[in-house]
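J.: input_35.txt is the file, holding compact mmCIF, C-alpha atoms:
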# COMPACT_ATOMS: atom_id res chain seq x y z
CA MET A 1 18.51 4.43 8.43
CA LYS A 2 15.08 4.80 9.93
CA THR A 3 13.38 5.94 6.76
CA TRP A 4 10.78 3.52 5.46
CA LEU A 5 11.86 3.97 1.84
CA PHE A 6 15.37 2.78 2.68
CA GLY A 7 13.93 0.01 4.78
CA ILE A 8 11.75 -1.36 1.99
CA ALA A 9 14.80 -1.53 -0.26
CA LEU A 10 16.90 -3.14 2.49
CA ALA A 11 14.30 -5.78 3.32
CA LEU A 12 13.46 -6.57 -0.26
CA GLY A 13 17.10 -6.80 -1.20
CA MET A 14 17.56 -9.52 1.41
CA GLY A 15 14.87 -11.70 -0.11
CA LEU A 16 15.19 -10.87 -3.77
CA ALA A 17 16.62 -14.23 -4.80
CA GLN A 18 13.75 -16.15 -3.23
CA ALA A 19 11.09 -13.79 -4.50
CA GLN A 20 12.24 -13.67 -8.12
CA GLY A 21 11.28 -17.25 -8.85
CA ASN A 22 7.66 -16.56 -7.97
CA ALA A 23 7.41 -12.94 -9.07
CA SER A 24 4.88 -13.54 -11.86
CA GLU A 25 2.20 -14.85 -9.53
CA ASN A 26 2.55 -11.80 -7.29
CA MET A 27 2.57 -9.10 -9.94
CA LYS A 28 -0.68 -7.26 -10.62
CA THR A 29 -1.58 -4.71 -13.27
CA ILE A 30 -4.08 -1.89 -12.93
CA TYR A 31 -4.96 1.14 -15.07
CA LEU A 32 -5.66 4.46 -13.35
CA ALA A 33 -7.19 7.50 -15.05
CA GLY A 34 -6.81 10.45 -12.72
CA GLY A 35 -6.49 13.57 -14.83
CA CYS A 36 -3.06 14.60 -16.08
CA PHE A 37 -1.19 11.33 -16.48
CA TRP A 38 2.17 12.99 -15.92
CA GLY A 39 1.30 13.59 -12.28
CA VAL A 40 -0.31 10.21 -11.70
CA GLN A 41 2.82 8.52 -13.06
CA GLY A 42 5.15 10.76 -11.07
CA TYR A 43 3.24 9.97 -7.88
CA PHE A 44 3.13 6.19 -8.25
CA ASP A 45 6.74 5.97 -9.38
CA ARG A 46 7.55 6.97 -5.80
CA VAL A 47 5.46 4.24 -4.13
CA PRO A 48 7.38 1.15 -2.92
CA GLY A 49 6.39 -2.03 -4.73
CA VAL A 50 5.52 -0.30 -8.01
CA LYS A 51 7.60 -2.03 -10.69
CA GLU A 52 6.56 -0.43 -13.98
CA THR A 53 4.54 2.56 -15.11
CA LEU A 54 3.49 3.58 -18.62
CA VAL A 55 1.18 6.44 -19.55
CA GLY A 56 -1.29 6.08 -22.38
CA TYR A 57 -4.86 6.47 -23.54
CA ALA A 58 -7.61 4.02 -22.55
CA ASN A 59 -11.26 3.08 -22.97
CA GLY A 60 -12.08 5.19 -25.97
CA ALA A 61 -13.42 4.36 -29.42
CA GLY A 62 -11.00 2.31 -31.48
CA ALA A 63 -7.50 0.98 -30.89
CA ASP A 64 -5.71 3.92 -32.49
CA THR A 65 -5.37 7.44 -31.10
CA ASP A 66 -2.80 9.99 -29.97
CA TYR A 67 -2.55 13.16 -27.91
CA GLN A 68 -3.99 15.28 -30.73
CA ARG A 69 -6.98 13.00 -31.38
CA ILE A 70 -8.16 11.88 -27.94
CA HIS A 71 -10.86 14.57 -27.91
CA ALA A 72 -12.45 12.82 -30.88
CA THR A 73 -11.80 9.21 -29.85
CA GLY A 74 -12.88 9.69 -26.23
CA HIS A 75 -9.89 8.00 -24.64
CA ALA A 76 -8.86 8.93 -21.09
CA GLU A 77 -5.33 9.81 -20.05
CA THR A 78 -4.40 6.68 -18.11
CA LEU A 79 -1.49 5.18 -16.19
CA ARG A 80 -0.68 1.49 -16.65
CA LEU A 81 0.77 0.38 -13.34
CA VAL A 82 2.46 -2.96 -12.57
CA TYR A 83 3.04 -3.64 -8.88
CA ASP A 84 4.20 -6.42 -6.59
CA GLU A 85 1.38 -7.25 -4.21
CA ASN A 86 3.88 -8.90 -1.88
CA VAL A 87 5.06 -5.35 -1.18
CA VAL A 88 2.09 -3.05 -1.78
CA HIS A 89 -1.50 -4.22 -1.44
CA THR A 90 -4.10 -3.42 -4.09
CA GLY A 91 -6.02 -1.66 -1.34
CA GLU A 92 -3.13 0.74 -0.76
CA ILE A 93 -2.79 1.43 -4.48
CA LEU A 94 -6.48 2.36 -4.58
CA ALA A 95 -6.36 4.39 -1.37
CA ARG A 96 -3.45 6.38 -2.77
CA TYR A 97 -5.29 6.86 -6.06
CA PHE A 98 -8.32 8.29 -4.25
CA SER A 99 -6.02 10.60 -2.28
CA ILE A 100 -4.88 12.36 -5.49
CA ILE A 101 -8.22 12.75 -7.30
CA ASP A 102 -11.56 14.45 -6.79
CA PRO A 103 -13.85 11.42 -7.20
CA PHE A 104 -16.93 13.60 -7.72
CA SER A 105 -15.54 15.75 -10.52
CA VAL A 106 -16.79 15.05 -14.05
CA ASN A 107 -14.30 15.39 -16.91
CA LYS A 108 -11.90 17.56 -14.95
CA GLN A 109 -9.09 17.25 -12.43
CA GLY A 110 -7.08 20.16 -11.14
CA GLY A 111 -6.87 22.81 -13.84
CA ASP A 112 -7.49 20.37 -16.69
CA ARG A 113 -10.86 20.14 -18.48
CA GLY A 114 -12.14 17.65 -21.03
CA VAL A 115 -13.34 14.06 -21.36
CA GLN A 116 -9.71 12.89 -21.54
CA TYR A 117 -9.28 14.01 -17.92
CA ARG A 118 -12.13 11.92 -16.51
CA THR A 119 -11.41 9.51 -13.68
CA GLY A 120 -11.58 5.76 -14.04
CA ILE A 121 -10.12 2.48 -12.86
CA PHE A 122 -9.66 -0.25 -15.46
CA TRP A 123 -8.35 -3.81 -15.36
CA GLU A 124 -7.49 -6.63 -17.73
CA GLU A 125 -10.11 -9.38 -17.82
CA ASP A 126 -7.79 -12.17 -18.94
CA GLY A 127 -6.46 -14.49 -16.25
CA ALA A 128 -6.96 -14.88 -12.51
CA ALA A 129 -4.79 -11.86 -11.68
CA GLY A 130 -6.99 -9.54 -13.75
CA SER A 131 -10.17 -10.95 -12.22
CA ALA A 132 -8.71 -10.50 -8.73
CA VAL A 133 -7.87 -6.86 -9.44
CA GLY A 134 -11.37 -6.20 -10.79
CA ALA A 135 -12.97 -7.76 -7.70
CA ALA A 136 -10.69 -5.77 -5.40
CA VAL A 137 -11.50 -2.53 -7.23
CA ARG A 138 -15.26 -3.03 -6.92
CA ALA A 139 -15.01 -3.97 -3.25
CA PHE A 140 -12.78 -1.01 -2.39
CA VAL A 141 -14.88 1.57 -4.21
CA ALA A 142 -18.10 0.18 -2.72
CA GLN A 143 -16.59 0.62 0.74
CA GLU A 144 -15.44 4.15 -0.04
CA GLN A 145 -18.81 5.10 -1.49
CA LYS A 146 -20.52 4.25 1.81
CA LYS A 147 -18.81 7.27 3.34
CA HIS A 148 -20.58 9.68 0.98
CA ASP A 149 -24.14 10.50 -0.06
CA LYS A 150 -23.04 11.89 -3.43
CA PRO A 151 -22.16 9.22 -6.02
CA PHE A 152 -18.63 8.95 -7.35
CA ALA A 153 -17.90 9.96 -10.95
CA VAL A 154 -15.17 7.30 -11.22
CA THR A 155 -15.75 4.81 -14.04
CA LEU A 156 -15.08 1.16 -13.13
CA GLU A 157 -14.80 -1.22 -16.07
CA PRO A 158 -12.54 -3.70 -17.86
CA LEU A 159 -9.77 -2.23 -19.98
CA LYS A 160 -10.25 -1.72 -23.69
CA ASN A 161 -8.24 0.00 -26.42
CA PHE A 162 -5.19 1.01 -24.40
CA VAL A 163 -2.72 2.94 -26.56
CA PRO A 164 0.71 3.90 -25.14
CA ALA A 165 1.33 7.64 -25.20
CA GLU A 166 4.10 9.34 -27.13
CA ASP A 167 7.66 9.04 -25.81
CA TYR A 168 7.83 12.65 -24.68
CA HIS A 169 4.91 12.03 -22.29
CA GLN A 170 6.66 9.11 -20.55
CA LYS A 171 8.24 10.14 -17.21
CA TYR A 172 7.52 13.72 -18.28
CA LEU A 173 8.00 15.26 -14.83
CA ASP A 174 11.37 13.54 -14.43
CA LYS A 175 12.50 15.31 -17.58
CA ASN A 176 10.62 18.55 -16.80
CA PRO A 177 10.56 18.96 -12.99
CA ARG A 178 8.77 22.31 -13.24
CA GLY A 179 6.06 21.01 -15.54
CA TYR A 180 2.44 21.60 -14.59
CA CYS A 181 0.86 18.97 -12.39
CA HIS A 182 -2.10 19.11 -10.00
CA VAL A 183 -0.91 16.01 -8.10
CA ASN A 184 1.13 16.44 -4.91
CA LEU A 185 4.02 14.09 -5.59
CA ALA A 186 5.27 14.38 -2.01
CA GLY A 187 2.15 12.56 -0.85
CA ALA A 188 3.56 9.30 -2.22
CA THR A 189 6.06 9.17 0.65
CA GLN A 190 3.50 10.06 3.32
CA PRO A 191 1.13 7.74 5.23
CA VAL A 192 -1.77 6.59 3.07
CA HIS A 193 -4.33 6.61 5.90
CA ALA A 194 -4.96 9.43 8.39
CA GLU A 195 -2.79 9.09 11.49
CA SER A 196 -4.08 11.93 13.64
CA ARG A 197 -5.83 9.57 16.03
CA PHE A 198 -2.73 7.45 16.60
CA ALA A 199 -0.43 8.89 19.23
CA VAL A 200 2.74 8.00 21.13
CA PRO A 201 2.10 8.13 24.89
CA ASP A 202 4.69 9.48 27.29
CA LYS A 203 7.10 6.90 28.72
CA SER A 204 5.57 7.26 32.19
CA VAL A 205 2.13 6.54 30.75
CA LEU A 206 3.47 3.52 28.87
CA LYS A 207 4.94 2.05 32.04
CA GLU A 208 1.49 2.08 33.61
CA LYS A 209 -0.35 1.06 30.43
CA LEU A 210 1.81 -1.86 29.27
CA ASP A 211 2.72 -5.05 31.09
CA LYS A 212 6.39 -5.68 31.84
CA THR A 213 6.99 -7.82 28.77
CA ALA A 214 5.33 -5.41 26.35
CA TYR A 215 7.26 -2.47 27.80
CA ALA A 216 10.58 -4.33 27.70
CA VAL A 217 10.01 -5.44 24.10
CA THR A 218 8.76 -2.17 22.64
CA GLN A 219 10.87 0.29 24.63
CA GLU A 220 14.00 -1.68 25.54
CA LYS A 221 14.30 -4.01 22.52
CA ALA A 222 13.85 -7.15 24.56
CA THR A 223 12.69 -10.44 23.00
CA GLU A 224 9.82 -12.46 24.42
CA ARG A 225 10.22 -16.19 24.91
CA PRO A 226 9.26 -18.22 21.82
CA PHE A 227 5.78 -19.77 21.90
CA SER A 228 4.87 -17.54 24.87
CA SER A 229 2.46 -15.23 23.00
CA PRO A 230 -1.13 -16.34 22.37
CA LEU A 231 -0.92 -14.41 19.09
CA ASP A 232 1.59 -16.93 17.71
CA LYS A 233 -1.22 -19.43 17.04
CA ASN A 234 -3.96 -16.89 16.41
CA TYR A 235 -5.31 -17.19 12.85
CA LYS A 236 -8.59 -15.36 13.21
CA LYS A 237 -9.53 -12.75 10.63
CA GLY A 238 -8.51 -9.22 11.56
CA ILE A 239 -5.58 -6.85 11.94
CA TYR A 240 -2.62 -6.52 14.28
CA VAL A 241 -1.97 -3.02 15.61
CA ASP A 242 0.93 -1.42 17.43
CA VAL A 243 0.24 -1.94 21.14
CA VAL A 244 1.70 1.53 21.78
CA THR A 245 0.12 3.77 19.12
CA LYS A 246 -2.73 1.48 17.94
CA LYS A 247 -1.74 2.03 14.29
CA PRO A 248 -2.31 -1.07 12.09
CA LEU A 249 0.89 -2.97 11.30
CA PHE A 250 -0.10 -6.36 9.86
CA ALA A 251 -3.14 -8.18 8.46
CA SER A 252 -4.30 -11.72 9.21
CA SER A 253 -4.26 -12.47 5.48
CA ASP A 254 -0.45 -12.12 5.56
CA LYS A 255 0.15 -14.21 8.68
CA PHE A 256 1.66 -17.70 8.48
CA ASP A 257 3.00 -20.41 10.80
CA SER A 258 6.78 -20.19 10.57
CA GLY A 259 7.34 -22.67 13.40
CA SER A 260 9.66 -20.15 15.06
CA GLY A 261 7.44 -19.51 18.07
CA TRP A 262 6.80 -15.87 17.21
CA PRO A 263 3.95 -14.38 15.12
CA SER A 264 5.16 -14.25 11.52
CA PHE A 265 3.95 -12.23 8.53
CA THR A 266 4.93 -12.00 4.88
CA HIS A 267 4.74 -8.19 4.72
CA PRO A 268 3.31 -5.17 6.58
CA ILE A 269 -0.26 -4.06 6.05
CA THR A 270 0.86 -0.84 4.30
CA THR A 271 4.22 0.32 3.00
CA ASP A 272 4.35 3.14 5.56
CA ALA A 273 3.71 1.01 8.67
CA ILE A 274 7.24 -0.17 9.41
CA SER A 275 10.69 1.37 9.88
CA TYR A 276 13.89 -0.60 9.30
CA ALA A 277 17.40 -0.42 10.70
CA GLU A 278 20.56 -2.49 10.53
CA ASP A 279 21.09 -4.46 13.75
CA SER A 280 24.54 -5.87 14.52
CA SER A 281 23.83 -6.74 18.15
CA HIS A 282 24.64 -10.17 19.64
CA GLY A 283 27.28 -10.75 16.97
CA MET A 284 24.64 -11.05 14.22
CA SER A 285 23.77 -9.02 11.14
CA ARG A 286 20.01 -8.52 11.07
CA THR A 287 17.35 -6.04 9.98
CA GLU A 288 15.33 -4.66 12.87
CA VAL A 289 11.71 -3.64 12.29
CA SER A 290 9.97 -0.99 14.35
CA SER A 291 6.68 0.86 14.29
CA ALA A 292 7.22 3.77 11.88
CA LEU A 293 4.96 6.06 13.87
CA GLY A 294 5.78 5.09 17.43
CA GLY A 295 9.36 3.88 17.07
CA SER A 296 8.52 0.78 19.11
CA HIS A 297 10.73 -2.25 18.59
CA LEU A 298 8.75 -5.08 17.00
CA GLY A 299 11.24 -7.75 15.94
CA HIS A 300 13.25 -8.55 12.80
CA VAL A 301 12.71 -9.43 9.15
CA PHE A 302 14.43 -12.41 7.52
CA PRO A 303 14.65 -13.67 3.91
CA ASP A 304 13.34 -17.17 4.69
CA GLY A 305 9.60 -16.70 4.34
CA PRO A 306 7.19 -18.39 1.90
CA PRO A 307 8.66 -18.05 -1.64
CA GLY A 308 5.23 -17.58 -3.21
CA LYS A 309 4.57 -14.66 -0.89
CA GLY A 310 7.77 -12.78 -1.58
CA GLY A 311 10.20 -14.81 0.52
CA MET A 312 10.21 -12.54 3.58
CA ARG A 313 9.45 -13.41 7.22
CA TYR A 314 8.58 -10.60 9.58
CA CYS A 315 9.30 -12.23 12.93
CA ILE A 316 7.37 -10.13 15.46
CA ASN A 317 7.07 -10.19 19.24
CA GLY A 318 3.44 -10.81 20.12
CA ALA A 319 3.81 -8.50 23.12
CA ALA A 320 4.26 -5.59 20.69
CA LEU A 321 0.92 -6.27 19.01
CA GLU A 322 -2.80 -6.07 19.75
CA PHE A 323 -5.24 -8.07 17.64
CA ILE A 324 -8.46 -6.43 16.40
CA PRO A 325 -11.02 -9.02 15.17
CA TYR A 326 -12.52 -8.32 11.75
CA GLU A 327 -16.05 -8.08 13.15
CA GLU A 328 -14.94 -5.31 15.54
CA MET A 329 -12.98 -3.23 13.04
CA ASP A 330 -15.78 -0.84 12.07
CA ALA A 331 -16.84 -0.18 15.65
CA ARG A 332 -13.25 0.47 16.70
CA GLY A 333 -12.52 2.87 13.84
CA TYR A 334 -10.57 0.57 11.55
CA GLY A 335 -13.09 0.27 8.71
CA ASP A 336 -10.64 1.69 6.17
CA TYR A 337 -8.36 -1.28 6.79
CA LYS A 338 -10.93 -4.01 6.12
CA VAL A 339 -9.88 -4.13 2.47
CA TYR A 340 -6.50 -5.50 3.55
CA VAL A 341 -7.96 -8.61 5.17
CA GLU A 342 -10.81 -9.49 2.79
Turn this file's structure into structure tokens for me.

T.:
Amino acid sequence: MKTWLFGIALALGMGLAQAQGNASENMKTIYLAGGCFWGVQGYFDRVPGVKETLVGYANGAGADTDYQRIHATGHAETLRLVYDENVVHTGEILARYFSIIDPFSVNKQGGDRGVQYRTGIFWEEDGAAGSAVGAAVRAFVAQEQKKHDKPFAVTLEPLKNFVPAEDYHQKYLDKNPRGYCHVNLAGATQPVHAESRFAVPDKSVLKEKLDKTAYAVTQEKATERPFSSPLDKNYKKGIYVDVVTKKPLFASSDKFDSGSGWPSFTHPITTDAISYAEDSSHGMSRTEVSSALGGSHLGHVFPDGPPGKGGMRYCINGAALEFIPYEEMDARGYGDYKVYVE
């Protein structure tokens, strides 16, 4: 029961009733052109928080086309993706998208060639949700571009002329598991950001490195006294990392005052950050949350959080966390995570 996919389902199931009433304000829609749309759909169907996917043709000439005519109309094979941002952040959606494309390639991805296989990110202009997605896309890509001298060949623009693809294209790889696809579908269940620099120290090292409370909490599943952590009332901009591995776990933008006396968050910073397990200790039925990478005990998740934020409350021991201020994130190697707190 330590798998994060099971845990997402377990945690979300607990708070589903609260979250449903406010689902519409948390749902976002984005359109991703990344080459063969079979593979892009197959990949994102495996990402927690993705609610609906539909493949089609976008941003070509005219509102009518099909698979046989897209060469002439100039549409791109595109995935329409609806996701719950209370579960998966727009920044993670975009980071995963960039992990499955070559952003410098023009009109080709994998073994496919042609204008229909160009890369692009599109969004609906109507409404606040569409505007928010467009702003997030531009900010994310601008940050990514700073890492490279060569300009990206990824088109960024509002959606126009989206035409759903034929039925046989929908969920194609589910129906044809051996069908051609350049996208590594297994990557959808792997960490979205590189983890090579995050490590789990030996127990003897941890005993010297951590104070008694932090060691007892993370390694022995102890609980710190309520209101004892300075992080409970910390609302500065930044991220909260695992005190053991230093991997990011939560963002300040998802922190709220629950009044419980422990730092509380509406959801983890990325869908791969946390592991879940059933906890029947002390005569209670709870869901324990731990660091997915380090296995450190963090606290528990409860279905009594803010309804407009998904209804979940991640009740975390401050001793298990280290806060990295926003202004120090670049210098300390956390620049890729700035998108989650902006």

J.: At a cut-off of 6 Å, can you tabulate as a tab-separated table every residue of segment 72-91 of chain A near segment 41-60 of chain A together with its closest atom pair and the distance in Å to one decimal, using only C-alpha atoms and ordering rows by chain then number?

T.:
residue	atom	partner	partner_atom	distance
A:Thr73	CA	A:Gly60	CA	5.6
A:Gly74	CA	A:Gly60	CA	4.6
A:His75	CA	A:Gly60	CA	3.8
A:Ala76	CA	A:Ala58	CA	5.3
A:Glu77	CA	A:Tyr57	CA	4.9
A:Thr78	CA	A:Gly56	CA	5.3
A:Leu79	CA	A:Val55	CA	4.5
A:Arg80	CA	A:Leu54	CA	5.1
A:Leu81	CA	A:Thr53	CA	4.7
A:Val82	CA	A:Glu52	CA	5.0
A:Tyr83	CA	A:Val50	CA	4.3
A:Asp84	CA	A:Gly49	CA	5.2
A:Val87	CA	A:Gly49	CA	5.0
A:Val88	CA	A:Gly49	CA	5.3

J.: Just how far from atom CA of Tyr97 of chain A is atom CA of Leu185 of chain A, in Å to one decimal?

T.: 11.8 Å

J.: Name the residues in contact with Asp112 of chain A at a cut-off of 9 Å, using only C-alpha atoms, excluding same-chain residues fewer than 4 positions from it; report them as a list in words.

T.: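 The contact residues come out as Gly35, Cys36, Asn107, Lys108, Tyr117 and His182 of chain A.
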
J.: When distances are computed from all atoms listed in the file, which of A:Asn234, A:Val106, A:Phe162, A:Thr90 shows the smallest separation from Val141 of chain A?

T.: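 The closest residue to Val141 of chain A is A:Thr90.
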
J.: Suppose you want the space between atom CA of Phe104 of chain A and atom CA of Val137 of chain A; what is it in Å?

T.: 17.0 Å

J.: Please identify all polymer residues within 8 Å of Ile121 of chain A, counting only C-alpha atoms, omitting same-chain residues fewer than 6 positions from it, and present them as a ChimeraX atom specification.

T.: /A:30-33,137,154-157

J.: A:Pro248, A:Gly111, A:Pro226, A:Pro307: which is nearest Ser260 of chain A, counting all atoms listed in the file?

T.: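 Going through A:Pro248, A:Gly111, A:Pro226, A:Pro307 one by one, the smallest distance to Ser260 of chain A is for A:Pro226.
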
J.: Please report, as CSV, each residue of segment 136-247 of chain A lying at most 12 Å from segment 287-293 of chain A, together with the nearest pair of atoms and the separation in Å rounded to one decimal; use only C-alpha atoms, and order rows by chain and ascending residue number.

T.:
residue,atom,partner,partner_atom,distance
A:Gln190,CA,A:Ala292,CA,11.3
A:Pro191,CA,A:Leu293,CA,9.6
A:Ala194,CA,A:Leu293,CA,11.8
A:Glu195,CA,A:Leu293,CA,8.7
A:Ser196,CA,A:Leu293,CA,10.8
A:Arg197,CA,A:Leu293,CA,11.6
A:Phe198,CA,A:Leu293,CA,8.3
A:Ala199,CA,A:Leu293,CA,8.1
A:Val200,CA,A:Leu293,CA,7.8
A:Pro201,CA,A:Leu293,CA,11.6
A:Val217,CA,A:Ser290,CA,10.7
A:Thr218,CA,A:Ser290,CA,8.5
A:Gln219,CA,A:Ser290,CA,10.4
A:Glu220,CA,A:Ser290,CA,11.9
A:Lys221,CA,A:Glu288,CA,9.7
A:Thr223,CA,A:Glu288,CA,12.0
A:Tyr240,CA,A:Ser291,CA,11.9
A:Val241,CA,A:Ser291,CA,9.6
A:Asp242,CA,A:Ser291,CA,6.9
A:Val243,CA,A:Ser291,CA,9.8
A:Val244,CA,A:Ser291,CA,9.0
A:Thr245,CA,A:Leu293,CA,7.5
A:Lys246,CA,A:Leu293,CA,9.8
A:Lys247,CA,A:Leu293,CA,7.8

J.: Can you tell me, as a ChimeraX atom specification, what residues are no more than 10 Å from Glu144 of chain A when counting all atoms listed in the file, ignoring any on the same chain fewer than 6 positions away?

T.: /A:95,98,138,152,335-336
